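Just below is one structure, and these are the notes that go with it.
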Amino acid sequence: AAFPFTVMATVIGIYAISFVSSYLTKPEPEAFLIPATFEGKIRIVYGEECGINPSAINGRRELQIPSDGLLIIQPEFEAGIIDHEYYFVDQNGNKTEIMQYENYTDGTKNIPGVQLVGSGSMGGAMPDGSSSSKSPIAIHFIDLYVYYSNSREFSDREYIFREKRIDSMTIALVDDCREWKQ
């Protein structure tokens with residue numbers, strides 16, 4: 001009779017610890033300021049000394065996205081419960097809030113909208129010759145996708161080309177940034 005109670009108490013305890021841990025490791029809130037007509041992938045590279053140190057306004061880090069969609073910043077990437085806001089910014093500096101692309105509650109798609117694609121890293125060389133995301137020269141990033149209109153569907157070939165292009169552009173720009181800093 002005590003077994004079901006023990007299992008339920010354990011599950012509730014694990015959930016509570018997980019929730020508290022996620023809340024305590026909450027990353028700094030961020031606002032993404034995106035050029036008004038931008039559509040496509042955005043990549044933010046975190047933890048680069050040579051990157052910009054974004055200003056914080058009202059307790060929210062403001063990330064001004066360049067026209068090529070690739071931004072390199074100094075703050076380290078932090079995992080946890082995210083607090084993002086997204087805005088289109090026109091030539092006059094006027095902001096228009098953009099919603100998340102997909103409303104996960106009812107499945108509707110918001111256009112224009114922004115989708116957090118995910119976070120990742122490009123491994124760097126380790127002393128033993130292997131490659132790891134723990135390397136001091138690894139590149140850590142998040143990817144977003146901006147849907148400005150009813151975006152075209154891409155073929156698998158075109159999608160792979162676009163992914164390779166942003167990956168090679170990321171490596172080249174981070175290498176240039178690091179070289180410039182030295």
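Identifiers in this document derive from the order of the structure tokens: chains are assigned A, B, ..., residues are numbered from 1 separately in each chain, and ligands are numbered from 1 in order of occurrence.
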Excluding His140 in chain A and its own-chain neighbours fewer than 2 positions away, which residues fall within 9 Å of it when counting only C-alpha atoms? Please give them as a list of chain:residue names.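 Near neighbours after the sequence-gap exclusion: A:Ile44, A:Val45, A:Tyr46, A:Gly47, A:Glu48, A:Glu76, A:Phe77, A:Ser119, A:Gly120, A:Ser121, A:Met122, A:Gly123, A:Ser133, A:Ala138, A:Ile142.
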Which parts of chain A does DSSP call helix (DSSP H, G or I) when run on the backbone here, written out as a ChimeraX atom specification? /A:2-24,156-181
Write a file of the selected residues as a CSV table (one decimal), in the first residue's frame, keeping C-alpha atoms.
```
chain,number,residue,atom,x,y,z
A,2,ALA,CA,3.0,2.3,0.6
A,3,PHE,CA,4.5,1.6,-2.8
A,4,PRO,CA,2.1,3.7,-5.0
A,5,PHE,CA,2.4,6.6,-2.5
A,6,THR,CA,6.2,6.4,-2.6
A,7,VAL,CA,6.3,6.3,-6.4
A,8,MET,CA,3.9,9.3,-6.7
A,9,ALA,CA,5.8,11.3,-4.1
A,10,THR,CA,9.1,10.6,-5.9
A,11,VAL,CA,7.6,11.7,-9.3
A,12,ILE,CA,6.2,14.9,-7.7
A,13,GLY,CA,9.6,15.6,-6.0
A,14,ILE,CA,11.5,15.1,-9.2
A,15,TYR,CA,9.1,17.4,-11.1
A,16,ALA,CA,9.4,20.1,-8.3
A,17,ILE,CA,13.2,20.0,-8.3
A,18,SER,CA,13.2,20.2,-12.1
A,19,PHE,CA,10.8,23.2,-12.1
A,20,VAL,CA,12.8,25.1,-9.4
A,21,SER,CA,16.1,24.3,-11.2
A,22,SER,CA,14.7,25.7,-14.5
A,23,TYR,CA,13.4,28.8,-12.8
A,24,LEU,CA,16.7,29.5,-11.0
A,156,ASP,CA,15.4,19.2,-49.5
A,157,ARG,CA,18.3,20.1,-51.8
A,158,GLU,CA,17.6,23.9,-51.4
A,159,TYR,CA,17.2,23.5,-47.6
A,160,ILE,CA,20.6,21.6,-47.3
A,161,PHE,CA,22.2,24.3,-49.4
A,162,ARG,CA,20.9,27.1,-47.1
A,163,GLU,CA,22.0,25.2,-44.0
A,164,LYS,CA,25.5,24.7,-45.4
A,165,ARG,CA,25.7,28.4,-46.4
A,166,ILE,CA,24.8,29.7,-43.0
A,167,ASP,CA,27.2,27.3,-41.3
A,168,SER,CA,30.1,28.3,-43.6
A,169,MET,CA,29.2,32.0,-43.1
A,170,THR,CA,29.1,31.5,-39.3
A,171,ILE,CA,32.6,29.9,-39.3
A,172,ALA,CA,34.0,32.6,-41.6
A,173,LEU,CA,32.6,35.5,-39.7
A,174,VAL,CA,33.6,34.1,-36.3
A,175,ASP,CA,37.1,33.4,-37.6
A,176,ASP,CA,37.3,37.0,-38.9
A,177,CYS,CA,35.9,38.4,-35.6
A,178,ARG,CA,38.4,36.4,-33.5
A,179,GLU,CA,41.3,37.4,-35.7
A,180,TRP,CA,40.3,41.1,-35.5
A,181,LYS,CA,40.2,40.9,-31.7
```
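The shell of residues at most 7 Å from Leu144 in chain A, with only C-alpha atoms counted and near chain neighbours (fewer than 3 positions) removed, consists of Lys41, Ile42, Arg43, Val114, Gln115, Leu116 and Val117 of chain A.
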As a count of residues only, please: every residue in chain A that DSSP puts in strand (DSSP E or B). 62
Separation of CA of His84 in chain A from CA of Asp106 in chain A in Å: 20.0 Å
Separation of CA of Phe32 in chain A from CA of Lys109 in chain A, in Å and rounded to one decimal: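 Computing it gives 19.5 Å between the two atoms.
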Rank nothing, just name the residue among A:Ile98, A:Ala56, A:Ala125, A:Ile34 nearest to Leu70 in chain A, using only C-alpha atoms.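 Distance minimum relative to Leu70 in chain A lands on A:Ile34.
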Give me, please, the distance in Å between CA of Ile111 in chain A and CA of Tyr147 in chain A, quoted to one decimal. 6.1 Å
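The smallest atom-to-atom distance between Tyr148 in chain A and any of A:Pro112, A:Gly40, A:Pro29, A:Gly80, using only C-alpha atoms, is found for A:Pro112.
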